[in-house]
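The structure file input-v7.cif is reproduced below (mmCIF, C-alpha atoms and all ligand atoms).
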```cif
data_my_file
loop_
_atom_site.label_atom_id
_atom_site.label_comp_id
_atom_site.auth_asym_id
_atom_site.auth_seq_id
_atom_site.Cartn_x
_atom_site.Cartn_y
_atom_site.Cartn_z
CA MET D 1 -22.73 9.44 -55.44
CA SER D 2 -26.45 9.48 -54.80
CA VAL D 3 -26.51 11.72 -51.71
CA LYS D 4 -25.49 15.33 -52.30
CA PRO D 5 -24.35 17.47 -49.39
CA PRO D 6 -27.43 19.33 -48.14
CA ASP D 7 -27.26 23.15 -48.17
CA SER D 8 -26.12 24.36 -44.78
CA PRO D 9 -25.06 27.80 -43.54
CA PHE D 10 -22.87 26.04 -40.94
CA SER D 11 -20.93 24.16 -43.65
CA ASP D 12 -20.61 27.36 -45.70
CA GLU D 13 -19.23 29.25 -42.72
CA ILE D 14 -16.68 26.51 -42.01
CA LYS D 15 -15.50 26.52 -45.62
CA GLN D 16 -15.11 30.30 -45.73
CA ARG D 17 -11.88 30.46 -43.72
CA LEU D 18 -10.79 26.86 -43.99
CA GLU D 19 -7.03 26.58 -44.51
CA THR D 20 -6.96 22.95 -45.62
CA GLU D 21 -6.35 21.50 -49.07
CA ILE D 22 -8.84 18.64 -48.93
CA PHE D 23 -10.17 18.08 -45.40
CA GLY D 24 -13.64 19.60 -45.13
CA ARG D 25 -13.84 20.75 -48.75
CA THR D 26 -16.98 18.60 -48.89
CA ILE D 27 -19.16 18.76 -45.79
CA TYR D 28 -22.43 16.98 -45.02
CA HIS D 29 -24.11 18.79 -42.14
CA PHE D 30 -27.13 17.30 -40.37
CA ASP D 31 -29.33 18.66 -37.59
CA LYS D 32 -30.02 15.17 -36.31
CA ILE D 33 -28.63 11.83 -37.37
CA ASP D 34 -28.09 8.42 -35.77
CA SER D 35 -24.30 8.51 -36.02
CA THR D 36 -21.92 10.53 -38.18
CA ASN D 37 -19.63 7.47 -38.35
CA ARG D 38 -22.49 5.37 -39.72
CA MET D 39 -23.31 8.02 -42.32
CA ALA D 40 -19.62 8.43 -43.20
CA LYS D 41 -19.36 4.70 -43.78
CA ASP D 42 -22.35 4.72 -46.16
CA LEU D 43 -20.93 7.68 -48.05
CA ALA D 44 -17.49 6.06 -48.24
CA ILE D 45 -19.03 2.89 -49.68
CA GLU D 46 -20.76 5.05 -52.29
CA GLY D 47 -17.37 6.53 -53.21
CA ALA D 48 -17.09 9.77 -51.20
CA GLY D 49 -13.58 11.16 -51.47
CA GLU D 50 -10.83 11.51 -48.92
CA GLY D 51 -11.37 14.44 -46.58
CA THR D 52 -15.18 14.36 -46.80
CA VAL D 53 -16.58 15.51 -43.45
CA ILE D 54 -19.90 14.63 -41.86
CA ILE D 55 -21.06 16.88 -39.01
CA ALA D 56 -24.18 16.61 -36.88
CA GLU D 57 -25.74 18.81 -34.24
CA GLU D 58 -27.29 15.79 -32.55
CA GLN D 59 -26.78 12.03 -32.67
CA THR D 60 -29.45 9.54 -31.63
CA HIS D 61 -27.09 6.52 -31.65
CA GLY D 62 -23.61 7.96 -31.22
CA ARG D 63 -21.03 5.21 -31.22
CA GLY D 64 -18.16 4.98 -28.76
CA ARG D 65 -15.15 2.70 -28.54
CA LEU D 66 -15.49 -0.96 -27.58
CA GLY D 67 -19.18 -1.10 -28.47
CA ARG D 68 -20.12 1.62 -25.99
CA SER D 69 -22.49 4.43 -26.85
CA TRP D 70 -21.45 8.08 -27.02
CA VAL D 71 -23.73 10.54 -25.30
CA SER D 72 -23.40 14.02 -26.71
CA PRO D 73 -25.39 16.91 -25.26
CA LEU D 74 -26.25 19.78 -27.61
CA SER D 75 -23.49 22.23 -28.58
CA SER D 76 -20.87 19.53 -28.99
CA VAL D 77 -18.83 19.15 -32.15
CA LEU D 78 -19.64 15.74 -33.60
CA LEU D 79 -17.85 14.93 -36.81
CA SER D 80 -16.49 12.11 -38.89
CA ILE D 81 -13.95 12.28 -41.67
CA ILE D 82 -13.31 9.83 -44.46
CA LEU D 83 -9.69 8.86 -45.13
CA ARG D 84 -8.29 6.62 -47.85
CA PRO D 85 -4.66 6.08 -46.82
CA GLN D 86 -2.48 3.76 -48.85
CA VAL D 87 -1.05 1.96 -45.86
CA SER D 88 -1.47 -1.53 -44.48
CA PRO D 89 -4.41 -2.19 -42.12
CA THR D 90 -1.79 -2.98 -39.46
CA GLN D 91 -0.90 0.74 -39.46
CA ALA D 92 -4.46 1.97 -38.98
CA HIS D 93 -4.10 2.37 -35.19
CA MET D 94 -1.42 5.02 -35.79
CA ILE D 95 -3.99 7.11 -37.64
CA THR D 96 -6.15 6.92 -34.53
CA LEU D 97 -3.23 8.21 -32.46
CA MET D 98 -2.66 10.93 -35.04
CA ALA D 99 -6.26 12.13 -34.58
CA GLY D 100 -5.76 12.31 -30.81
CA ILE D 101 -2.67 14.50 -31.22
CA ALA D 102 -4.56 16.81 -33.61
CA ALA D 103 -7.55 17.10 -31.26
CA ALA D 104 -5.38 17.79 -28.20
CA LYS D 105 -3.35 20.37 -30.10
CA THR D 106 -6.51 22.15 -31.29
CA ILE D 107 -7.84 22.33 -27.73
CA ARG D 108 -4.49 23.61 -26.44
CA ARG D 109 -4.83 26.61 -28.74
CA TYR D 110 -7.48 27.84 -26.30
CA ASP D 111 -4.87 27.92 -23.50
CA ILE D 112 -6.17 24.70 -22.05
CA ASP D 113 -3.84 21.94 -20.88
CA ALA D 114 -5.42 19.13 -22.91
CA ARG D 115 -3.65 15.76 -22.55
CA ILE D 116 -4.01 12.40 -24.25
CA LYS D 117 -4.91 9.24 -22.42
CA TRP D 118 -3.60 6.39 -24.54
CA PRO D 119 -4.68 5.59 -27.10
CA ASN D 120 -6.63 8.75 -27.86
CA ASP D 121 -9.03 10.10 -25.26
CA VAL D 122 -8.40 13.77 -24.67
CA LEU D 123 -8.60 14.85 -21.04
CA ILE D 124 -8.42 18.13 -19.19
CA ASP D 125 -7.29 17.68 -15.62
CA GLY D 126 -8.33 14.02 -15.81
CA ARG D 127 -11.80 14.72 -17.21
CA LYS D 128 -12.76 13.62 -20.69
CA VAL D 129 -13.41 16.37 -23.23
CA CYS D 130 -13.02 14.43 -26.46
CA GLY D 131 -13.43 10.85 -27.66
CA ILE D 132 -12.28 9.35 -30.93
CA LEU D 133 -13.61 6.27 -32.68
CA THR D 134 -11.79 4.93 -35.72
CA GLU D 135 -13.56 2.42 -37.94
CA ILE D 136 -11.78 0.70 -40.78
CA SER D 137 -12.85 -1.13 -43.92
CA ALA D 138 -10.12 -3.31 -45.39
CA ALA D 139 -9.76 -6.07 -47.95
CA GLY D 140 -6.71 -8.22 -47.37
CA ASP D 141 -3.67 -5.98 -47.19
CA ASN D 142 -5.49 -2.88 -48.44
CA ILE D 143 -7.51 -0.28 -46.65
CA ASN D 144 -10.68 0.70 -48.51
CA PHE D 145 -11.31 3.58 -46.14
CA ILE D 146 -10.94 4.70 -42.55
CA ILE D 147 -13.56 6.72 -40.71
CA ILE D 148 -12.31 8.89 -37.89
CA GLY D 149 -15.17 9.96 -35.65
CA ILE D 150 -14.49 12.72 -33.15
CA GLY D 151 -16.80 14.00 -30.45
CA ILE D 152 -15.72 17.11 -28.56
CA ASN D 153 -17.61 18.74 -25.72
CA VAL D 154 -17.27 22.28 -26.95
CA ASN D 155 -20.05 24.55 -25.65
CA VAL D 156 -21.66 21.87 -23.54
CA ASP D 157 -23.04 22.70 -20.08
CA ILE D 158 -21.68 20.21 -17.56
CA ASP D 159 -25.17 19.83 -16.08
CA SER D 160 -26.45 18.43 -19.36
CA PHE D 161 -24.25 15.32 -19.05
CA PRO D 162 -25.96 12.25 -17.63
CA ILE D 163 -25.22 12.09 -13.90
CA GLU D 164 -23.12 8.93 -14.20
CA ILE D 165 -20.51 10.59 -16.44
CA ARG D 166 -20.75 14.17 -15.15
CA LYS D 167 -17.82 13.89 -12.73
CA ARG D 168 -15.56 12.40 -15.40
CA SER D 169 -16.45 14.89 -18.16
CA THR D 170 -15.73 18.48 -18.98
CA SER D 171 -16.21 20.88 -21.87
CA LEU D 172 -14.23 23.70 -23.43
CA LYS D 173 -16.90 26.15 -22.29
CA ALA D 174 -16.57 24.96 -18.68
CA GLU D 175 -12.79 25.35 -18.84
CA VAL D 176 -12.53 28.78 -20.47
CA LYS D 177 -15.74 30.04 -18.84
CA LYS D 178 -17.21 31.30 -22.10
CA GLU D 179 -18.68 30.00 -25.35
CA ILE D 180 -16.25 29.48 -28.17
CA SER D 181 -16.93 29.57 -31.89
CA ARG D 182 -17.68 26.02 -33.07
CA VAL D 183 -17.03 27.14 -36.65
CA GLU D 184 -13.52 28.30 -35.77
CA PHE D 185 -12.91 25.20 -33.69
CA VAL D 186 -13.81 22.91 -36.61
CA GLN D 187 -11.62 24.94 -38.98
CA LEU D 188 -8.63 24.64 -36.62
CA LEU D 189 -9.27 20.94 -35.99
CA LEU D 190 -9.48 20.08 -39.70
CA LYS D 191 -6.24 21.96 -40.36
CA GLU D 192 -4.40 20.11 -37.56
CA LEU D 193 -5.82 16.79 -38.76
CA GLU D 194 -4.75 17.39 -42.34
CA ASP D 195 -1.24 18.55 -41.36
CA TYR D 196 -0.64 15.54 -39.08
CA TYR D 197 -2.15 13.17 -41.64
CA ASN D 198 0.25 14.44 -44.32
CA LEU D 199 3.17 14.14 -41.92
CA PHE D 200 2.13 10.59 -41.07
CA LYS D 201 1.90 9.65 -44.76
CA GLU D 202 5.33 11.17 -45.49
CA GLN D 203 7.26 10.04 -42.43
CA ASN D 204 5.16 7.52 -40.51
CA PHE D 205 4.34 7.66 -36.79
CA VAL D 206 7.97 8.31 -35.81
CA ALA D 207 7.49 11.92 -36.92
CA LEU D 208 4.44 12.25 -34.67
CA SER D 209 5.62 10.41 -31.59
CA ARG D 210 7.37 13.45 -30.08
CA ASP D 211 4.12 15.45 -30.23
CA TRP D 212 2.19 12.50 -28.81
CA LYS D 213 4.63 12.22 -25.91
CA GLU D 214 4.48 15.96 -25.24
CA SER D 215 0.68 15.79 -24.96
CA SER D 216 0.53 12.49 -23.13
CA ASP D 217 -1.25 12.12 -19.81
CA THR D 218 -0.45 8.41 -19.70
CA LEU D 219 3.35 8.28 -19.75
CA ASN D 220 4.97 7.82 -16.34
CA ARG D 221 1.68 6.76 -14.80
CA TRP D 222 0.64 3.48 -13.28
CA VAL D 223 -1.93 2.04 -15.69
CA GLN D 224 -4.21 -0.93 -16.13
CA VAL D 225 -4.77 -1.86 -19.77
CA THR D 226 -7.43 -4.34 -20.82
CA THR D 227 -6.71 -6.01 -24.14
CA PRO D 228 -8.83 -8.66 -25.88
CA ASN D 229 -6.53 -11.28 -24.30
CA GLU D 230 -5.42 -10.02 -20.91
CA VAL D 231 -5.31 -7.29 -18.30
CA VAL D 232 -1.89 -5.70 -17.96
CA GLU D 233 -0.86 -3.53 -15.03
CA GLY D 234 2.33 -1.53 -14.70
CA LYS D 235 3.99 1.80 -15.35
CA ALA D 236 3.59 3.31 -18.82
CA ILE D 237 7.12 4.28 -19.76
CA ASP D 238 7.12 4.98 -23.49
CA ILE D 239 5.37 4.73 -26.84
CA SER D 240 7.04 2.68 -29.56
CA GLN D 241 7.82 3.78 -33.10
CA ASN D 242 4.60 2.14 -34.24
CA GLY D 243 2.39 3.62 -31.54
CA ALA D 244 2.34 0.76 -29.05
CA LEU D 245 2.31 1.55 -25.34
CA ILE D 246 5.34 0.19 -23.49
CA ILE D 247 4.58 -0.85 -19.93
CA ARG D 248 7.05 -1.86 -17.22
CA LEU D 249 5.45 -4.62 -15.15
CA ARG D 250 5.96 -5.08 -11.39
CA ASP D 251 8.69 -7.66 -12.04
CA GLY D 252 10.57 -5.22 -14.31
CA ALA D 253 9.67 -6.98 -17.57
CA LEU D 254 8.51 -4.79 -20.46
CA LYS D 255 5.23 -5.35 -22.25
CA THR D 256 4.24 -3.73 -25.55
CA ILE D 257 0.53 -3.22 -26.20
CA LEU D 258 -0.92 -2.15 -29.53
CA THR D 259 -4.60 -1.73 -28.64
CA GLY D 260 -6.59 -1.79 -25.46
CA ASP D 261 -8.64 0.11 -22.94
CA CYS D 262 -6.40 2.06 -20.62
CA MET D 263 -7.19 3.15 -17.10
CA HIS D 264 -4.99 5.53 -15.14
CA CYS D 265 -4.43 4.33 -11.59
CA VAL D 266 -3.82 6.51 -8.55
CA ASN D 267 -1.15 5.23 -6.13
CA GLY D 268 -1.17 1.89 -7.87
CA ARG D 269 -4.96 1.62 -7.50
CA ARG D 270 -7.76 1.92 -10.05
C1 LIG O 301 -15.08 7.05 -27.32
O1 LIG O 301 -14.43 7.75 -26.56
O2 LIG O 301 -15.63 6.01 -26.93
C2 LIG O 301 -15.20 7.45 -28.76
C3 LIG O 301 -16.34 8.36 -28.99
C4 LIG O 301 -16.46 8.86 -30.41
C5 LIG O 301 -17.70 9.70 -30.61
C6 LIG O 301 -17.77 10.32 -31.96
S1 LIG O 301 -19.03 11.54 -32.06
C7 LIG O 301 -18.85 11.64 -33.80
C8 LIG O 301 -18.61 10.22 -34.29
N1 LIG O 301 -19.86 9.55 -34.56
C9 LIG O 301 -20.08 8.54 -33.72
O3 LIG O 301 -21.09 7.81 -33.74
N2 LIG O 301 -19.06 8.41 -32.86
C10 LIG O 301 -18.03 9.39 -33.13
#
```
If you convert what's in this file into structure tokens, what do you get?
Ligand code: BTN
Amino acid sequence: MSVKPPDSPFSDEIKQRLETEIFGRTIYHFDKIDSTNRMAKDLAIEGAGEGTVIIAEEQTHGRGRLGRSWVSPLSSVLLSIILRPQVSPTQAHMITLMAGIAAAKTIRRYDIDARIKWPNDVLIDGRKVCGILTEISAAGDNINFIIIGIGINVNVDIDSFPIEIRKRSTSLKAEVKKEISRVEFVQLLLKELEDYYNLFKEQNFVALSRDWKESSDTLNRWVQVTTPNEVVEGKAIDISQNGALIIRLRDGALKTILTGDCMHCVNGRR
């Protein structure tokens, strides 16, 4: 590996009380970077090991899902983690769901009712507090690596969000009305991620689906899901054993959707 983790008091502090085996044992911390996912990808190509974490204070080109950008005011937690699971690429979306469960559970430890909008946005009272972007490199039936990128509005002031997303966004600080330790938050998040990842590897998504359902904001709601092929509208009634959303359409037929952009509707309206 040509790039060595730079010295960083923030990384050292995280490692001090970290309860994980491998997640976050190597941390690359940057004051400013284009995107932690981009950097994670480069490091993964160079051979960085599973559990390597890339954290930035600021991103100039943060990436969001579906080609969108991710705007992250200062005092967020912006991190990416490199995974090398020995599963088929067709199972990669379950790892994305797994990250959503871990993020929601971490936030709930602060007595906040964090809920997951399928597939893995984390919301508090309908406002987004955390976004997750999974990027995968595969060759045929094998995964080379998966990058899970997580952006959480931790100590962010609501006023620092661009006006167009302010109403739809919140932060942990805004919810608990005080700053929280970002070091402790990252430690807790990495522990939840590692525990759920191990459970997923041992028992597949079935073992995680109960926790996903418990944290879900999407189940029993009227939703509109845009997939690459169609727009599906109906009531979200369940999640399948492989992480697909099961929707009951107006005519009663069931539709199973593996990936898509989900919108919660109010009274059957967007
Ligand atoms: C989304 O909701 O659209 C996903 C947003 C993911 C943002 C995080 S921030 C850390 C990591 N680096 C990136 O460039 N994106 C992810």
>> Counting all atoms listed in the file, what are the residues, protein, DNA or RNA alike, that approach ligand LIG 301 (chain O) to within 8 Å? I want them as a ChimeraX atom specification.
In response: /D:34-38,55-56,59,61-66,68-70,72,77-80,120-121,130-133,148-152
>> Using all atoms listed in the file, can you tell me which of D:Arg109, D:Lys178, D:Lys167, D:Lys4 comes closest to Glu192 (chain D)?
In response: D:Arg109
> Which is closest to Pro162 (chain D) among D:Val71, D:Ile246, D:Thr259, D:Asp12, if we use only C-alpha atoms?
Replying inline: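 The closest residue to Pro162 (chain D) is D:Val71.
Closest approach to Ile124 (chain D) among D:Ser8, D:Asn242, D:Asn198, D:Ser171: D:Ser171, based on only C-alpha atoms.
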> Using only C-alpha atoms, can you list as a VMD selection string the residues within 12 Å of (-18.0, 4.4, -49.4)?
Replying inline: chain D and resid 1 to 3 37 to 50 52 81 to 84 136 to 138 143 to 147
> D:Lys117, D:Arg221, D:Lys201, D:Arg182: which is nearest Val266 (chain D), counting only C-alpha atoms?
Replying inline: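 Distance minimum relative to Val266 (chain D) lands on D:Arg221.
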> With all atoms listed in the file as the basis for distance, which of D:Ala253, D:Ile14, D:Val87, D:Ile239 is at the shortest distance from Val183 (chain D)?
Replying inline: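 Of D:Ala253, D:Ile14, D:Val87, D:Ile239, the one nearest Val183 (chain D), counting all atoms listed in the file, is D:Ile14.
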>> Just want the 9 Å neighbourhood of region 156-160 of chain D, counted on all atoms listed in the file, with same-chain residues fewer than 4 positions away dropped. Output as a list in words.
In response: Ser72, Pro73, Leu74, Ser75, Ser76, Arg166, Lys167, Ser169, Thr170, Ser171, Leu172, Lys173, Ala174 and Glu179 of chain D
> Expressed in Å to a single decimal, how great is the separation between CA of Asn153 (chain D) and CA of Ile180 (chain D)?
Replying inline: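 Separating CA of Asn153 (chain D) from CA of Ile180 (chain D) is a distance of 11.1 Å.
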